[in-house]
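Raw contents of query-v7.tsv, TSV, C-alpha atoms:
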```
chain	number	residue	atom	x	y	z
R	1	MET	CA	104.77	-58.13	-6.96
R	2	LYS	CA	104.48	-61.57	-8.60
R	3	ARG	CA	101.34	-60.42	-10.38
R	4	ILE	CA	103.08	-57.28	-11.63
R	5	LEU	CA	105.94	-59.41	-12.96
R	6	LEU	CA	103.41	-61.76	-14.57
R	7	PHE	CA	101.74	-58.78	-16.16
R	8	VAL	CA	105.00	-57.46	-17.64
R	9	LEU	CA	106.13	-60.95	-18.72
R	10	THR	CA	102.83	-61.64	-20.46
R	11	ASN	CA	103.05	-58.43	-22.47
R	12	VAL	CA	106.67	-59.18	-23.40
R	13	MET	CA	105.62	-62.67	-24.53
R	14	VAL	CA	102.75	-61.23	-26.57
R	15	VAL	CA	105.14	-58.94	-28.41
R	16	ALA	CA	107.64	-61.79	-28.90
R	17	VAL	CA	104.97	-64.09	-30.34
R	18	LEU	CA	103.77	-61.36	-32.68
R	19	GLY	CA	107.35	-60.87	-33.85
R	20	VAL	CA	107.90	-64.60	-34.48
R	21	VAL	CA	104.61	-64.99	-36.36
R	22	ALA	CA	105.36	-61.89	-38.45
R	23	SER	CA	108.79	-63.29	-39.35
R	24	LEU	CA	107.42	-66.75	-40.25
R	25	LEU	CA	104.76	-65.23	-42.49
R	26	GLY	CA	107.27	-62.98	-44.20
R	27	VAL	CA	105.70	-59.84	-42.80
R	28	ASN	CA	109.06	-58.79	-41.39
R	29	ARG	CA	110.69	-58.73	-44.83
R	30	PHE	CA	107.71	-56.97	-46.35
R	31	LEU	CA	107.65	-54.24	-43.72
R	32	THR	CA	111.42	-53.73	-43.78
R	33	ALA	CA	111.41	-53.45	-47.54
R	34	ASN	CA	108.77	-50.78	-47.31
R	35	GLY	CA	110.50	-48.76	-44.65
R	36	LEU	CA	108.82	-49.99	-41.45
R	37	ASN	CA	111.21	-51.21	-38.77
R	38	LEU	CA	109.49	-54.23	-37.21
R	39	THR	CA	111.80	-54.25	-34.20
R	40	ALA	CA	110.95	-50.63	-33.47
R	41	LEU	CA	107.26	-51.41	-33.92
R	42	LEU	CA	107.45	-54.30	-31.48
R	43	GLY	CA	109.16	-52.07	-28.92
R	44	PHE	CA	106.56	-49.38	-29.45
R	45	ALA	CA	103.73	-51.90	-29.04
R	46	LEU	CA	105.36	-53.17	-25.85
R	47	ILE	CA	105.60	-49.69	-24.35
R	48	MET	CA	102.10	-48.69	-25.42
R	49	GLY	CA	100.63	-52.05	-24.45
R	50	PHE	CA	101.54	-52.03	-20.80
R	51	GLY	CA	103.21	-48.67	-20.10
R	52	GLY	CA	100.07	-46.60	-19.54
R	53	ALA	CA	98.16	-49.55	-18.06
R	54	ILE	CA	100.74	-50.32	-15.40
R	55	ILE	CA	101.15	-46.65	-14.49
R	56	SER	CA	97.37	-46.41	-14.08
R	57	LEU	CA	97.45	-49.49	-11.85
R	58	LEU	CA	100.21	-48.11	-9.66
R	59	ILE	CA	98.45	-44.77	-9.12
R	60	SER	CA	94.95	-46.28	-8.88
R	61	LYS	CA	94.66	-45.89	-5.12
R	62	PRO	CA	95.62	-42.20	-4.82
R	63	MET	CA	93.53	-41.43	-7.92
R	64	ALA	CA	90.52	-43.18	-6.36
R	65	LYS	CA	90.91	-41.17	-3.16
R	66	TRP	CA	90.98	-37.95	-5.13
R	67	THR	CA	88.31	-38.59	-7.78
R	68	ALA	CA	85.79	-40.22	-5.41
R	69	GLY	CA	86.37	-37.67	-2.64
R	70	LEU	CA	87.05	-40.34	-0.05
R	71	ARG	CA	87.09	-39.68	3.66
R	72	MET	CA	89.55	-42.19	5.02
R	73	ILE	CA	88.76	-43.99	8.27
R	74	ASP	CA	92.16	-43.97	9.93
R	75	ASN	CA	90.72	-43.75	13.44
R	76	PRO	CA	87.04	-44.71	13.65
R	77	GLN	CA	85.00	-41.92	15.19
R	78	SER	CA	81.71	-43.77	15.61
R	79	PRO	CA	80.39	-47.30	16.21
R	80	ASP	CA	79.39	-47.53	12.53
R	81	GLU	CA	82.89	-46.65	11.36
R	82	ALA	CA	84.39	-49.11	13.81
R	83	TRP	CA	82.05	-51.81	12.48
R	84	ILE	CA	83.03	-51.10	8.86
R	85	VAL	CA	86.74	-51.28	9.66
R	86	GLY	CA	86.21	-54.42	11.73
R	87	THR	CA	84.26	-56.08	8.92
R	88	VAL	CA	86.97	-55.29	6.35
R	89	ARG	CA	89.62	-56.60	8.76
R	90	LYS	CA	87.67	-59.81	9.42
R	91	PHE	CA	87.30	-60.58	5.72
R	92	ALA	CA	90.89	-59.57	4.90
R	93	ASP	CA	92.19	-61.96	7.54
R	94	LYS	CA	89.94	-64.74	6.26
R	95	ALA	CA	91.04	-64.11	2.68
R	96	GLY	CA	94.71	-64.06	3.68
R	97	ILE	CA	95.48	-60.52	2.50
R	98	GLY	CA	96.84	-57.45	4.26
R	99	MET	CA	94.39	-55.04	5.86
R	100	PRO	CA	93.13	-52.63	3.17
R	101	GLU	CA	92.68	-48.93	3.76
R	102	VAL	CA	89.03	-48.10	4.35
R	103	GLY	CA	87.15	-45.04	3.11
R	104	ILE	CA	83.66	-43.58	2.78
R	105	PHE	CA	82.37	-41.39	-0.04
R	106	GLU	CA	79.16	-39.42	-0.51
R	107	GLY	CA	76.74	-40.81	-3.05
R	108	GLU	CA	74.10	-43.34	-3.99
R	109	PRO	CA	74.57	-47.02	-3.07
R	110	ASN	CA	77.90	-48.31	-4.34
R	111	ALA	CA	81.30	-49.60	-3.26
R	112	PHE	CA	84.63	-50.35	-4.85
R	113	ALA	CA	88.08	-51.78	-4.23
R	114	THR	CA	91.33	-50.74	-5.85
R	115	GLY	CA	95.09	-50.84	-5.45
R	116	ALA	CA	98.08	-52.40	-7.22
R	117	PHE	CA	98.95	-54.93	-4.50
R	118	LYS	CA	96.89	-57.37	-2.46
R	119	ASN	CA	98.51	-56.23	0.76
R	120	SER	CA	98.22	-52.52	0.02
R	121	SER	CA	94.71	-52.01	-1.26
R	122	LEU	CA	91.65	-49.88	-0.60
R	123	VAL	CA	87.99	-50.64	0.09
R	124	ALA	CA	85.44	-47.83	-0.06
R	125	VAL	CA	81.70	-47.74	0.55
R	126	SER	CA	79.20	-44.96	-0.11
R	127	THR	CA	76.98	-43.22	2.40
R	128	GLY	CA	73.99	-44.32	0.31
R	129	LEU	CA	74.99	-47.95	0.75
R	130	LEU	CA	75.23	-47.58	4.52
R	131	GLN	CA	71.92	-45.74	4.77
R	132	ASN	CA	69.83	-48.01	2.56
R	133	MET	CA	71.02	-51.50	3.44
R	134	THR	CA	70.98	-53.73	6.47
R	135	ARG	CA	74.28	-54.52	8.13
R	136	GLU	CA	74.23	-58.05	6.77
R	137	GLU	CA	73.77	-56.72	3.24
R	138	VAL	CA	76.55	-54.17	3.65
R	139	GLU	CA	78.72	-56.95	5.03
R	140	ALA	CA	78.07	-58.97	1.85
R	141	VAL	CA	79.02	-55.99	-0.33
R	142	ILE	CA	82.25	-55.50	1.63
R	143	GLY	CA	82.93	-59.22	1.19
R	144	HIS	CA	82.47	-58.81	-2.54
R	145	GLU	CA	85.09	-56.05	-2.67
R	146	VAL	CA	87.55	-57.97	-0.50
R	147	ALA	CA	87.05	-60.95	-2.83
R	148	HIS	CA	88.08	-58.72	-5.74
R	149	ILE	CA	91.32	-57.93	-3.92
R	150	ALA	CA	91.97	-61.55	-2.93
R	151	ASN	CA	91.35	-62.67	-6.51
R	152	GLY	CA	93.89	-60.13	-7.80
R	153	ASP	CA	91.26	-58.61	-10.06
R	154	MET	CA	92.87	-55.17	-10.28
R	155	VAL	CA	96.09	-56.58	-11.71
R	156	THR	CA	94.26	-59.10	-13.88
R	157	MET	CA	92.14	-56.38	-15.46
R	158	THR	CA	95.27	-54.35	-16.14
R	159	LEU	CA	96.89	-57.43	-17.67
R	160	ILE	CA	93.96	-57.99	-20.01
R	161	GLN	CA	93.89	-54.32	-20.96
R	162	GLY	CA	97.64	-54.32	-21.62
R	163	VAL	CA	97.44	-57.39	-23.84
R	164	MET	CA	94.57	-55.87	-25.82
R	165	ASN	CA	96.46	-52.58	-26.17
R	166	THR	CA	99.49	-54.44	-27.51
R	167	PHE	CA	97.47	-56.16	-30.21
R	168	VAL	CA	95.71	-52.92	-31.15
R	169	VAL	CA	98.97	-50.98	-31.52
R	170	PHE	CA	100.74	-53.71	-33.47
R	171	LEU	CA	97.91	-54.74	-35.79
R	172	SER	CA	96.75	-51.22	-36.59
R	173	ARG	CA	100.23	-50.24	-37.79
R	174	VAL	CA	100.88	-53.44	-39.73
R	175	ILE	CA	97.53	-53.20	-41.51
R	176	GLY	CA	97.97	-49.45	-41.97
R	177	TYR	CA	101.31	-50.01	-43.67
R	178	ALA	CA	99.82	-52.69	-45.93
R	179	VAL	CA	96.98	-50.34	-46.94
R	180	ASP	CA	99.43	-47.52	-47.59
R	181	SER	CA	101.66	-49.76	-49.73
R	182	PHE	CA	98.65	-50.84	-51.78
R	183	LEU	CA	97.51	-47.26	-52.36
R	184	ARG	CA	101.02	-46.14	-53.34
R	185	ARG	CA	101.98	-49.08	-55.54
R	186	GLY	CA	104.10	-47.88	-58.44
R	187	ASP	CA	104.99	-44.66	-56.60
R	188	ASP	CA	108.78	-44.48	-56.19
R	189	ARG	CA	108.97	-40.90	-54.96
R	190	SER	CA	109.23	-41.85	-51.30
R	191	SER	CA	109.67	-45.03	-49.30
R	192	GLY	CA	108.28	-43.53	-46.11
R	193	PRO	CA	104.69	-43.89	-44.89
R	194	GLY	CA	102.06	-41.82	-46.65
R	195	ILE	CA	98.65	-40.43	-45.77
R	196	GLY	CA	97.09	-43.88	-46.22
R	197	TYR	CA	99.19	-45.20	-43.35
R	198	TYR	CA	98.28	-42.41	-40.96
R	199	VAL	CA	94.56	-42.42	-41.76
R	200	SER	CA	94.36	-46.22	-41.62
R	201	THR	CA	96.24	-46.34	-38.31
R	202	ILE	CA	93.98	-43.77	-36.68
R	203	VAL	CA	90.80	-45.51	-37.90
R	204	LEU	CA	92.10	-48.95	-36.88
R	205	ASP	CA	93.19	-47.71	-33.46
R	206	ILE	CA	89.59	-46.63	-32.88
R	207	VAL	CA	87.92	-49.72	-34.39
R	208	LEU	CA	90.26	-52.24	-32.79
R	209	GLY	CA	90.13	-50.26	-29.55
R	210	PHE	CA	86.37	-50.79	-29.43
R	211	ALA	CA	86.83	-54.50	-30.13
R	212	ALA	CA	89.41	-54.68	-27.33
R	213	ALA	CA	87.02	-52.87	-24.97
R	214	ILE	CA	84.38	-55.54	-25.64
R	215	VAL	CA	86.85	-58.28	-24.66
R	216	VAL	CA	87.89	-56.42	-21.50
R	217	ALA	CA	84.25	-55.80	-20.55
R	218	TRP	CA	83.40	-59.48	-21.07
R	219	PHE	CA	86.22	-60.51	-18.75
R	220	SER	CA	85.08	-57.94	-16.19
R	221	ARG	CA	81.60	-59.43	-16.16
R	222	GLN	CA	82.97	-62.92	-15.49
R	223	ARG	CA	85.04	-61.51	-12.65
R	224	GLU	CA	81.91	-60.13	-10.97
R	225	PHE	CA	80.39	-63.59	-10.71
R	226	ARG	CA	83.56	-64.84	-9.01
R	227	ALA	CA	83.54	-61.92	-6.55
R	228	ASP	CA	79.89	-62.62	-5.67
R	229	ALA	CA	80.77	-66.25	-4.97
R	230	GLY	CA	83.81	-65.06	-3.01
R	231	ALA	CA	81.60	-62.88	-0.82
R	232	ALA	CA	79.37	-65.85	-0.04
R	233	ALA	CA	82.44	-67.92	0.88
R	234	LEU	CA	83.78	-65.20	3.17
R	235	MET	CA	80.42	-65.14	4.93
R	236	GLY	CA	80.61	-68.83	5.77
R	237	ASN	CA	79.22	-70.14	2.48
R	238	ARG	CA	76.03	-68.16	3.01
R	239	ARG	CA	74.73	-66.93	-0.34
R	240	GLN	CA	71.51	-65.28	0.83
R	241	PRO	CA	73.08	-62.06	2.21
R	242	MET	CA	74.74	-61.40	-1.17
R	243	VAL	CA	71.50	-62.27	-2.96
R	244	ASN	CA	69.62	-59.84	-0.73
R	245	ALA	CA	72.21	-57.12	-1.29
R	246	LEU	CA	72.04	-57.52	-5.07
R	247	ALA	CA	68.22	-57.56	-4.99
R	248	ARG	CA	68.20	-54.35	-2.99
R	249	LEU	CA	70.76	-52.76	-5.33
R	250	GLY	CA	68.52	-53.70	-8.23
R	251	GLY	CA	65.78	-51.56	-6.76
R	252	LEU	CA	68.01	-48.62	-5.81
R	253	PRO	CA	69.64	-45.94	-7.97
R	254	ALA	CA	73.06	-47.20	-9.05
R	255	GLY	CA	75.64	-44.74	-7.82
R	256	GLU	CA	77.97	-43.49	-10.55
R	257	LEU	CA	81.65	-43.99	-9.90
R	258	PRO	CA	84.62	-42.17	-11.45
R	259	LYS	CA	85.78	-43.96	-14.61
R	260	ALA	CA	89.06	-44.88	-12.91
R	261	VAL	CA	87.27	-47.17	-10.42
R	262	GLU	CA	83.99	-47.97	-12.20
R	263	ALA	CA	84.99	-51.52	-13.12
R	264	MET	CA	85.64	-52.32	-9.44
R	265	GLY	CA	82.26	-51.10	-8.19
R	266	ILE	CA	79.49	-53.29	-6.84
R	267	THR	CA	77.13	-51.79	-9.43
R	268	GLY	CA	77.94	-50.61	-12.91
R	269	ALA	CA	76.71	-49.74	-16.38
R	270	MET	CA	74.18	-52.24	-17.69
R	271	GLY	CA	74.71	-51.66	-21.38
R	272	LYS	CA	75.32	-55.01	-23.08
R	273	LEU	CA	78.67	-55.53	-24.80
R	274	PHE	CA	80.50	-52.70	-23.05
R	275	ALA	CA	79.00	-53.31	-19.60
R	276	THR	CA	81.60	-54.03	-16.92
R	277	HIS	CA	78.97	-55.71	-14.70
R	278	PRO	CA	76.38	-58.38	-15.57
R	279	PRO	CA	72.68	-57.63	-14.98
R	280	ILE	CA	71.67	-57.97	-11.32
R	281	GLU	CA	69.23	-60.74	-12.25
R	282	GLU	CA	72.00	-62.87	-13.77
R	283	ARG	CA	74.22	-62.41	-10.74
R	284	ILE	CA	71.43	-63.46	-8.38
R	285	ALA	CA	70.63	-66.49	-10.54
R	286	ALA	CA	74.30	-67.52	-10.59
R	287	LEU	CA	74.44	-67.39	-6.79
R	288	GLN	CA	71.21	-69.29	-6.34
R	289	ASN	CA	72.27	-72.00	-8.81
R	290	ALA	CA	75.77	-72.40	-7.37
R	291	ARG	CA	76.54	-75.74	-5.75
```
What do you get writing this file as structure tokens?
Amino acid sequence: MKRILLFVLTNVMVVAVLGVVASLLGVNRFLTANGLNLTALLGFALIMGFGGAIISLLISKPMAKWTAGLRMIDNPQSPDEAWIVGTVRKFADKAGIGMPEVGIFEGEPNAFATGAFKNSSLVAVSTGLLQNMTREEVEAVIGHEVAHIANGDMVTMTLIQGVMNTFVVFLSRVIGYAVDSFLRRGDDRSSGPGIGYYVSTIVLDIVLGFAAAIVVAWFSRQREFRADAGAAALMGNRRQPMVNALARLGGLPAGELPKAVEAMGITGAMGKLFATHPPIEERIAALQNAR
């Protein structure tokens, strides 16, 4: 709950700072004179900045169950299922978090963690992961996902996304109004926004949205390094099992996850600026060079 409050507070502070800066620079007077209510814009940016993001966070667990087709392990029916649940419990206790729900989904090697709260989260592993890795390697992967939960990565990612959304909404409309005013200078027929505003806002929402996505993806990649190190710590400061798991993943097909949980997976898209996960080679090197 503290992280949720931090998330909301941060977005409120972002909007407040934007409002103060706009007032100091005279943007407030300019926008008001041209028909744009800055207070309304700030409120709109606040709602858009964290409204959808926080709703997505709160429904992340049920959405993951549905989109990934999870089979929940409520009562283990086999020694393997009992081992998975026991491993998650062992790491959760060591990390000081509540026992996550545990699920299995059909697919190539992958795993993910999700949930809005540390003590009410979910860890899921794929059948491909269980079939193609040793128990020690699977244990390292589970440790990686538990580390994500312990680090509060789900909320932190939502926070970053919310902050970026707030800037996108605010800046696109301020710039759009400036462009519209420039195009309509000398036109006294209407003080309301014209076509220049709407076109500029749509284009800027897209352009700035891509820029925001790059920032979010960069942060996600840094978070993966921390989760790898967290897995090693949970395994008694043994890095080799995580190194072995990553090396094996590097030689296996990377299972595709639903977009809602992709950023929390053990593997992910490897495309440069928009990649949510660093290359396997970089993650292995970071573990091997850690002190």
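For the choices R:Pro109, R:Pro278, R:Gly43, R:Gly251, the atom-to-atom distance to Ala124 of chain R is smallest for R:Pro109 when using only C-alpha atoms.
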- Message: I'd like the interatomic distance between atom CA of Gly152 of chain R and atom CA of Ala116 of chain R, to a tenth of an Å.
- Response: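 Atom CA of Ala116 of chain R lies 8.8 Å from atom CA of Gly152 of chain R.
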- Message: Rounded to one decimal, what separation in Å do you get between atom CA of Met157 of chain R and atom CA of Ile54 of chain R?
- Response: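 Between atom CA of Met157 of chain R and atom CA of Ile54 of chain R the gap works out to 10.5 Å.
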- Message: Quick check, in Å to one decimal: how far apart do atom CA of Pro241 of chain R and atom CA of Val138 of chain R lie?
- Response: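 According to the coordinates, atom CA of Pro241 of chain R and atom CA of Val138 of chain R are separated by 8.7 Å.
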- Query: Which polymer residues have any atom within 7 Å of an atom of segment 164-167 of chain R, counting all atoms listed in the file, with same-chain residues fewer than 5 positions away left out, as a list in words?
  - Reply: Ala45, Leu46, Met48, Gly49 and Ala212 of chain R
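With distances taken over all atoms listed in the file, R:Ser200 is the one residue among R:Ser200, R:Asn244, R:Gln161, R:Gln222 lying closest to Phe182 of chain R.
The smallest atom-to-atom distance between Trp83 of chain R and any of R:Ala113, R:Ser126, R:Glu136, R:Thr276, using all atoms listed in the file, is found for R:Glu136.
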Adding 6 Å on each side of the box along x, y and z that holds all listed atoms of segment 159-168 of chain R, could you give its centre and edge lengths in Å to one decimal, as JSON?
```
{"center_x": 96.7, "center_y": -55.3, "center_z": -24.4, "size_x": 17.6, "size_y": 17.4, "size_z": 25.5}
```
- Enumerate, as a ChimeraX atom specification, the protein, DNA and RNA residues whose atoms approach (96.2, -53.5, 1.3) to within 6 Å, taking into account only C-alpha atoms and the coordinate frame of the file. /R:98-100,118-121
- Message: Considering only C-alpha atoms, can you say which of R:Gly52, R:Thr67, R:Met235, R:Asp228 comes closest to Glu282 of chain R?
- Response: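 Using only C-alpha atoms, Glu282 of chain R sits closest to R:Asp228.
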- Task: Within 10 Å of Ile55 of chain R, counting only C-alpha atoms, which residues show up once you throw out same-chain ones fewer than 5 positions away? Write them as JSON, numbers by chain, please.
- Result: {"R": [50, 60, 116, 158]}
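Restricting the calculation to all atoms listed in the file, the smallest distance between Arg135 of chain R and any of R:Ala275, R:Met242, R:Ala227, R:Val102 is found for R:Met242.
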- Go through R:Leu159, R:Ala245, R:Leu122, R:Val207 one by one, measure the shortest atom-to-atom distance of each to Ala232 of chain R using only C-alpha atoms, and give the residue with the smallest value. R:Ala245
- Task: Please identify all polymer residues within 8 Å of Leu287 of chain R, counting all atoms listed in the file, omitting same-chain residues fewer than 5 positions from it, and present them as an MDAnalysis selection string.
- Result: chainID R and resid 228:229 239 243
